[in-house]
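Here is the file protein31.cif (mmCIF, C-alpha atoms and all ligand atoms).
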data_final
loop_
_atom_site.label_atom_id
_atom_site.label_comp_id
_atom_site.auth_asym_id
_atom_site.auth_seq_id
_atom_site.Cartn_x
_atom_site.Cartn_y
_atom_site.Cartn_z
CA VAL A 12 1.66 -16.76 -12.11
CA GLY A 13 2.17 -13.25 -13.45
CA GLU A 14 5.16 -12.81 -11.21
CA THR A 15 7.10 -15.85 -12.44
CA ARG A 16 6.54 -14.81 -16.01
CA GLU A 17 7.63 -11.22 -15.43
CA ILE A 18 10.82 -12.24 -13.66
CA GLY A 19 11.67 -14.89 -16.26
CA LEU A 20 11.31 -12.45 -19.10
CA SER A 21 13.12 -9.65 -17.28
CA VAL A 22 16.23 -11.78 -17.10
CA LEU A 23 15.87 -12.71 -20.73
CA GLY A 24 15.22 -9.09 -21.64
CA GLU A 25 18.71 -8.07 -20.61
CA ARG A 26 20.31 -10.26 -23.23
CA THR A 27 17.86 -10.50 -26.09
CA GLU A 28 15.56 -8.20 -27.97
CA SER A 29 12.57 -9.44 -25.95
CA ARG A 30 12.59 -6.30 -23.79
CA GLY A 31 9.75 -4.84 -25.86
CA ARG A 32 7.82 -8.06 -25.51
CA LEU A 33 8.30 -8.02 -21.75
CA VAL A 34 6.68 -4.61 -21.52
CA GLN A 35 3.83 -5.85 -23.69
CA VAL A 36 3.28 -8.96 -21.57
CA GLU A 37 3.25 -6.82 -18.42
CA LYS A 38 0.74 -4.45 -19.97
CA GLY A 39 -1.40 -7.41 -21.04
CA VAL A 40 -1.35 -8.90 -17.55
CA LEU A 41 -2.32 -5.60 -15.94
CA GLU A 42 -5.03 -4.86 -18.50
CA ARG A 43 -6.55 -8.31 -18.00
CA ASN A 44 -6.38 -7.77 -14.24
CA ARG A 45 -8.13 -4.43 -14.60
CA GLN A 46 -11.03 -6.05 -16.46
CA LEU A 47 -11.35 -8.82 -13.89
CA ALA A 48 -11.24 -6.23 -11.11
CA GLU A 49 -14.13 -4.36 -12.73
CA ALA A 50 -16.09 -7.61 -12.88
CA ASN A 51 -15.37 -8.16 -9.17
CA ARG A 52 -16.53 -4.63 -8.43
CA ARG A 53 -19.86 -5.25 -10.17
CA ARG A 54 -20.25 -8.57 -8.36
CA PHE A 55 -19.47 -6.96 -4.99
CA GLU A 56 -22.00 -4.14 -5.40
CA GLY A 57 -23.74 -3.44 -2.10
CA LEU A 58 -20.72 -4.68 -0.13
CA LEU A 59 -17.97 -2.49 1.29
CA VAL A 60 -14.72 -4.07 0.05
CA LEU A 61 -11.37 -3.15 1.60
CA ASN A 62 -7.97 -3.98 0.15
CA VAL A 63 -5.50 -3.81 3.05
CA LEU A 64 -1.84 -3.43 2.14
CA SER A 65 1.46 -2.89 3.91
CA SER A 66 4.94 -4.24 4.30
CA PRO A 67 5.24 -7.57 6.16
CA GLY A 68 4.50 -7.26 9.86
CA SER A 69 3.00 -3.74 9.91
CA GLY A 70 0.00 -5.10 11.76
CA LYS A 71 -2.65 -5.92 9.12
CA THR A 72 -3.89 -9.15 10.70
CA THR A 73 -3.76 -7.79 14.24
CA LEU A 74 -5.78 -4.71 13.28
CA LEU A 75 -8.30 -6.76 11.30
CA VAL A 76 -8.83 -9.33 14.06
CA ARG A 77 -9.44 -6.53 16.53
CA THR A 78 -11.67 -4.57 14.13
CA LEU A 79 -13.87 -7.50 13.14
CA GLY A 80 -14.06 -8.63 16.75
CA ASP A 81 -15.21 -5.16 17.86
CA LEU A 82 -17.65 -4.82 14.92
CA LYS A 83 -19.25 -8.23 15.41
CA ASP A 84 -22.68 -6.92 14.42
CA ILE A 85 -21.53 -6.21 10.87
CA PRO A 86 -21.64 -9.41 8.80
CA SER A 87 -18.10 -9.66 7.48
CA GLY A 88 -15.99 -11.93 5.35
CA VAL A 89 -12.24 -12.03 4.89
CA ILE A 90 -9.99 -13.10 2.05
CA VAL A 91 -6.37 -13.35 3.13
CA GLY A 92 -3.37 -13.94 0.90
CA ASP A 93 -0.07 -15.30 2.08
CA LEU A 94 2.93 -16.79 0.35
CA ALA A 95 2.90 -19.70 2.77
CA THR A 96 1.21 -20.95 6.00
CA ASP A 97 -2.39 -20.44 7.10
CA ASN A 98 -1.35 -18.61 10.29
CA ASP A 99 -3.22 -15.40 9.46
CA ALA A 100 -6.30 -17.25 8.19
CA GLU A 101 -6.48 -19.14 11.49
CA ARG A 102 -6.36 -15.88 13.47
CA LEU A 103 -9.01 -14.27 11.28
CA ARG A 104 -11.29 -17.30 11.27
CA ALA A 105 -11.89 -16.69 14.96
CA VAL A 106 -13.73 -13.46 14.13
CA ALA A 107 -15.14 -13.81 10.60
CA GLU A 108 -15.79 -16.18 7.74
CA THR A 109 -12.34 -16.42 6.15
CA VAL A 110 -10.98 -17.77 2.89
CA GLN A 111 -7.26 -18.22 2.51
CA ILE A 112 -5.32 -17.83 -0.73
CA GLN A 113 -1.90 -19.44 -0.66
CA THR A 114 -0.15 -17.70 -3.48
CA GLY A 115 2.65 -20.24 -3.72
CA GLY A 116 5.36 -17.66 -4.22
CA VAL A 117 3.43 -14.87 -5.92
CA CYS A 118 4.04 -11.73 -3.86
CA HIS A 119 0.69 -9.98 -4.40
CA LEU A 120 -2.98 -10.79 -4.93
CA GLU A 121 -4.64 -10.50 -8.34
CA ALA A 122 -8.28 -9.95 -9.26
CA ASP A 123 -8.81 -13.49 -10.56
CA MET A 124 -7.59 -14.95 -7.24
CA ILE A 125 -10.21 -12.83 -5.48
CA ALA A 126 -12.93 -13.95 -7.90
CA LYS A 127 -12.16 -17.61 -7.13
CA ALA A 128 -11.84 -17.10 -3.38
CA ALA A 129 -15.16 -15.22 -3.29
CA ASN A 130 -16.91 -18.35 -4.57
CA HIS A 131 -16.32 -19.78 -1.10
CA LEU A 132 -18.10 -16.90 0.68
CA GLU A 133 -21.83 -16.24 1.06
CA LEU A 134 -21.57 -12.79 -0.47
CA GLY A 135 -25.30 -12.15 -0.24
CA SER A 136 -25.22 -12.31 3.54
CA LEU A 137 -22.23 -9.95 3.98
CA LYS A 138 -21.92 -6.19 4.40
CA LEU A 139 -18.14 -5.96 4.64
CA LEU A 140 -15.48 -7.89 2.73
CA VAL A 141 -11.91 -7.38 3.85
CA ILE A 142 -9.00 -8.48 1.72
CA GLU A 143 -5.64 -8.77 3.49
CA ASN A 144 -3.04 -8.59 0.77
CA VAL A 145 0.40 -10.23 0.82
CA GLY A 146 2.84 -8.19 2.91
CA ASN A 147 4.69 -6.18 0.27
CA LEU A 148 4.97 -2.44 -0.47
CA VAL A 149 5.74 -2.84 -4.15
CA CYS A 150 3.70 -4.84 -6.65
CA PRO A 151 0.33 -5.13 -4.83
CA ALA A 152 -0.06 -1.44 -5.72
CA ALA A 153 -0.39 -2.31 -9.40
CA TYR A 154 -3.25 -4.80 -8.98
CA ASP A 155 -6.76 -3.50 -8.56
CA LEU A 156 -8.79 -6.25 -6.89
CA GLY A 157 -12.19 -4.61 -7.29
CA GLU A 158 -12.07 -2.94 -3.89
CA ASP A 159 -13.94 0.20 -2.86
CA VAL A 160 -11.35 1.40 -0.41
CA ARG A 161 -7.62 0.87 -0.43
CA VAL A 162 -6.08 0.98 3.02
CA VAL A 163 -2.31 1.18 3.39
CA LEU A 164 -0.70 0.62 6.79
CA LEU A 165 2.58 2.07 7.97
CA SER A 166 3.83 1.10 11.41
CA VAL A 167 5.80 3.54 13.51
CA VAL A 168 8.87 1.30 13.50
CA GLU A 169 9.34 1.23 9.72
CA GLY A 170 10.73 4.70 9.06
CA GLU A 171 8.94 7.98 8.43
CA ASP A 172 10.16 8.21 4.84
CA LYS A 173 8.56 5.00 3.56
CA PRO A 174 5.83 6.90 1.67
CA LEU A 175 8.57 8.76 -0.22
CA LYS A 176 10.48 5.57 -0.99
CA TYR A 177 7.42 3.57 -2.06
CA PRO A 178 5.25 6.35 -3.49
CA LYS A 179 3.13 4.22 -5.79
CA ILE A 180 1.37 2.28 -3.06
CA PHE A 181 0.86 5.33 -0.82
CA LYS A 182 -0.37 7.36 -3.79
CA SER A 183 -3.03 4.73 -4.46
CA ALA A 184 -4.30 4.74 -0.86
CA ASP A 185 -7.69 6.09 0.15
CA ALA A 186 -6.66 5.79 3.79
CA VAL A 187 -3.23 5.51 5.38
CA ILE A 188 -3.19 4.04 8.89
CA LEU A 189 -0.22 4.67 11.12
CA THR A 190 -0.11 1.53 13.27
CA LYS A 191 1.54 0.46 16.55
CA ILE A 192 1.43 4.02 17.92
CA ASP A 193 1.91 2.50 21.41
CA LEU A 194 5.53 1.97 20.27
CA ALA A 195 6.02 5.51 18.95
CA GLU A 196 8.08 6.78 21.83
CA ALA A 197 10.32 3.72 22.14
CA ALA A 198 10.91 3.85 18.37
CA GLY A 199 11.73 7.57 18.41
CA PHE A 200 8.95 8.00 15.87
CA ASP A 201 8.84 11.46 14.27
CA ARG A 202 5.11 11.90 13.76
CA GLU A 203 5.32 15.22 11.91
CA ALA A 204 7.87 13.82 9.45
CA ALA A 205 5.68 10.79 8.76
CA LEU A 206 2.57 12.92 8.21
CA GLU A 207 4.54 15.21 5.90
CA SER A 208 5.81 12.20 3.86
CA ILE A 209 2.24 10.99 3.40
CA ARG A 210 1.01 14.48 2.51
CA LEU A 211 3.73 14.91 -0.09
CA VAL A 212 2.81 11.78 -2.04
CA ASN A 213 -0.94 11.75 -1.36
CA PRO A 214 -2.53 14.89 0.04
CA ARG A 215 -6.04 13.39 -0.39
CA ALA A 216 -5.60 10.30 1.77
CA THR A 217 -7.39 10.10 5.10
CA VAL A 218 -4.75 9.53 7.77
CA LEU A 219 -5.59 7.57 10.90
CA GLU A 220 -3.36 6.71 13.86
CA VAL A 221 -4.06 3.55 15.82
CA SER A 222 -2.77 0.92 18.18
CA ALA A 223 -4.50 -2.43 17.80
CA ARG A 224 -2.86 -3.37 21.09
CA THR A 225 -4.09 -0.54 23.34
CA GLY A 226 -7.12 0.38 21.25
CA ALA A 227 -6.00 3.99 20.79
CA GLY A 228 -7.48 5.62 17.70
CA LEU A 229 -9.77 2.72 16.86
CA GLU A 230 -12.94 4.79 17.26
CA SER A 231 -11.86 7.04 14.35
CA TRP A 232 -11.11 3.98 12.25
CA TYR A 233 -14.52 2.48 13.01
CA GLY A 234 -16.09 5.84 12.23
CA TYR A 235 -14.32 5.86 8.86
CA LEU A 236 -15.73 2.41 8.08
CA GLY A 237 -19.17 3.18 9.47
CA ALA A 238 -19.50 6.21 7.18
CA ARG A 239 -18.94 3.95 4.16
CA LEU A 240 -21.08 0.97 5.13
N1 LIG A 301 3.04 -3.09 20.03
C1 LIG A 301 2.22 -3.41 19.03
N2 LIG A 301 2.46 -4.50 18.30
C2 LIG A 301 1.62 -4.79 17.28
C3 LIG A 301 0.50 -3.98 16.99
N3 LIG A 301 -0.14 -4.52 15.92
C4 LIG A 301 0.56 -5.62 15.59
N4 LIG A 301 1.62 -5.80 16.41
C5 LIG A 301 2.62 -6.88 16.36
O1 LIG A 301 3.31 -6.83 15.12
C6 LIG A 301 3.61 -8.15 14.64
C7 LIG A 301 3.08 -8.32 13.24
O2 LIG A 301 1.68 -8.15 13.24
P1 LIG A 301 0.74 -8.79 12.12
O3 LIG A 301 -0.62 -8.34 12.44
O4 LIG A 301 0.98 -10.24 12.00
O5 LIG A 301 1.28 -8.07 10.83
P2 LIG A 301 0.86 -8.30 9.29
O6 LIG A 301 0.93 -6.98 8.62
O7 LIG A 301 -0.44 -9.01 9.24
O8 LIG A 301 2.02 -9.25 8.76
P3 LIG A 301 2.06 -10.09 7.39
O9 LIG A 301 0.70 -10.67 7.15
O10 LIG A 301 3.11 -11.11 7.59
O11 LIG A 301 2.44 -9.10 6.32
C8 LIG A 301 2.97 -9.10 15.66
O12 LIG A 301 3.99 -9.52 16.56
C9 LIG A 301 1.94 -8.24 16.35
O13 LIG A 301 1.67 -8.66 17.67
C10 LIG A 301 0.26 -2.82 17.81
O14 LIG A 301 -0.67 -2.03 17.61
N5 LIG A 301 1.15 -2.58 18.80
MG MG A 302 -0.98 -10.73 8.26
ZN ZN A 303 4.14 -9.39 -6.67
#
Represent the structure contained in this file as structure tokens.
Ligand SMILES: Nc1nc2c(ncn2[C@@H]2O[C@H](COP(=O)(O)OP(=O)(O)OP(=O)(O)O)[C@@H](O)[C@H]2O)c(=O)[nH]1
Ligand SMILES: [Mg+2]
Ligand SMILES: [Zn+2]
Amino acid sequence: VGETREIGLSVLGERTESRGRLVQVEKGVLERNRQLAEANRRRFEGLLVLNVLSSPGSGKTTLLVRTLGDLKDIPSGVIVGDLATDNDAERLRAVAETVQIQTGGVCHLEADMIAKAANHLELGSLKLLVIENVGNLVCPAAYDLGEDVRVVLLSVVEGEDKPLKYPKIFKSADAVILTKIDLAEAAGFDREAALESIRLVNPRATVLEVSARTGAGLESWYGYLGARL
């Protein structure tokens, strides 16, 4: 909903004096989201909540299916947002209780969507709640969902400079996961350049390198989660 309104007013803003109002509406939307995110955070106390973000196709669902399948002993729930289709929800349902949010065109998840989706989960019986955000490196960064840990994925085929081009989302990450490292050689992936890009925008982020296909690096990722559970 926020998205439609922002875009509508942006267009208007070019031609009328409503530019100032646009900024105000945006601020209002984000402030309201921040409050709802805090309410989610209180409600989710005792649960480890992950907000998983990346561009489309970086490997969020694949990594999560593998992770939750390998960590079967940890009671987990998933909330997955997609613009359309329930393809990802179907894949995730095989390994954990999953609630799908079809955003109907909105290109990110917001805290109130999470609050509603969480009504369909038995929160009291869970230890881990994973939120797979809509594939998008831009606006999901602005929306706190009430997560404890923000995980941003970057696959080796996307370009080593993505953290520099989309700094906001990488800056907000607690962990950055380089994915599909089984393809690194074929893609001519420059590992040092990618690590340097991440370091430049976010020196504090934990960086992990994994392949959900071969399993490489997954032990470190599970260790990262285990230390926070
Ligand atoms: N070689 C290789 N391919 C992978 C790996 N992880 C994911 N893929 C492939 O990458 C494609 C996209 O993976 P998804 O897991 O659907 O990516 P996603 O980030 O969930 O995509 P959206 O939800 O659409 O944003 C699929 O064809 C996967 O099989 C990996 O570690 N290695
Ligand atoms: Mg997905
Ligand atoms: Zn958006």
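Minimum atom-to-atom distances from A:Ala205, A:Leu64, A:Asp123, A:Ala197 to Ile142 (chain A) were compared using only C-alpha atoms, and the lowest value belongs to A:Leu64.
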Report task. List all protein, DNA and RNA residues that have at least one atom no more than 10 Å from any atom of ligand MG 302 (chain A), counting only C-alpha atoms and all ligand atoms, and write them as a list in words. Result -> Val63, Leu64, Ser65, Ser66, Pro67, Gly68, Ser69, Gly70, Lys71, Thr72, Thr73, Leu74, Leu75, Val76, Val91, Gly92, Asp93, Asp97, Asn98, Asp99, Ala100, Arg102, Leu103, Glu143, Asn144, Val145 and Gly146 of chain A
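Counting only C-alpha atoms and all ligand atoms and comparing A:Gly39, A:Pro178, A:Gly228, A:Pro214, the residue that lies closest to ligand LIG 301 (chain A) is A:Gly228.
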Report task. Tell me, as a VMD selection string, which residues lie within 9 Å of region 165-171 of chain A, counting all atoms listed in the file; anything in the same chain fewer than 3 positions away does not count. Result -> chain A and resid 65 to 66 68 to 70 174 to 175 187 to 195 198 to 209
Please identify all protein, DNA and RNA residues within 8 Å of ligand ZN 303 (chain A), counting only C-alpha atoms and all ligand atoms, and report them as an mmCIF file with C-alpha atoms, keeping the file's coordinate frame.
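Once written, result.cif looks like this:
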data_model
loop_
_atom_site.group_PDB
_atom_site.id
_atom_site.type_symbol
_atom_site.label_atom_id
_atom_site.label_comp_id
_atom_site.auth_asym_id
_atom_site.auth_seq_id
_atom_site.Cartn_x
_atom_site.Cartn_y
_atom_site.Cartn_z
ATOM 1 C CA GLU A 14 5.160 -12.810 -11.210
ATOM 2 C CA VAL A 117 3.430 -14.870 -5.920
ATOM 3 C CA CYS A 118 4.040 -11.730 -3.860
ATOM 4 C CA HIS A 119 0.690 -9.980 -4.400
ATOM 5 C CA LEU A 120 -2.980 -10.790 -4.930
ATOM 6 C CA ASN A 147 4.690 -6.180 0.270
ATOM 7 C CA VAL A 149 5.740 -2.840 -4.150
ATOM 8 C CA CYS A 150 3.700 -4.840 -6.650
ATOM 9 C CA PRO A 151 0.330 -5.130 -4.830
#
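One distance worth recording is that between CA of Leu79 (chain A) and atom O3 of ligand LIG 301 (chain A), which is 13.3 Å.
Here CA of Asp84 (chain A) is placed at a distance of 16.3 Å from CA of Tyr235 (chain A).
Using all atoms listed in the file for every distance, the candidate list A:Asp172, A:Glu42, A:Glu196, A:Glu230 yields A:Glu230 as the residue closest to Thr78 (chain A).
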**Report entry** Of the listed residues A:Val36, A:Val163, A:Val110, A:Leu148, that which approaches Gly88 (chain A) most closely, counting only C-alpha atoms
**Finding:** A:Val110
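Interatomic distance, atom C7 of ligand LIG 301 (chain A) to CA of His131 (chain A): 26.7 Å.
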Query raised in the report: Skipping near chain neighbours, those fewer than 6 positions away, what residues fall within 12 Å of Glu133 (chain A) using all atoms listed in the file, listed as a PyMOL selection string?
Result: chain A and resi 55+58+86-89+107-110+139-140
Query - Answer as a PyMOL selection string, residues within 9 Å of (-21.4, -10.4, -5.5) using all atoms listed in the file - result: chain A and resi 51-58+129+133-135
**Report entry** Who sits within 10 Å of Val212 (chain A), all atoms listed in the file, same chain under 6 positions skipped, as a PyMOL selection string
**Finding:** chain A and resi 174-183
Step by step, gather every atom of ligand LIG 301 (chain A) that the file lists, find the box along x, y and z that holds them, add 3 Å on each side, and finally give centre and edge lengths in Å to one decimal, as JSON.
{"center_x": 1.7, "center_y": -6.6, "center_z": 13.2, "size_x": 10.7, "size_y": 15.1, "size_z": 19.7}
Query raised in the report: So which one's closest to Thr217 (chain A), A:Ser231, A:Ser29, A:Gln113, A:Ser136? Using all atoms listed in the file, please.
Result: A:Ser231
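With distances taken over only C-alpha atoms and all ligand atoms, A:Leu164 is the one residue among A:Met124, A:Ala184, A:Leu164, A:Leu156 lying closest to ligand LIG 301 (chain A).
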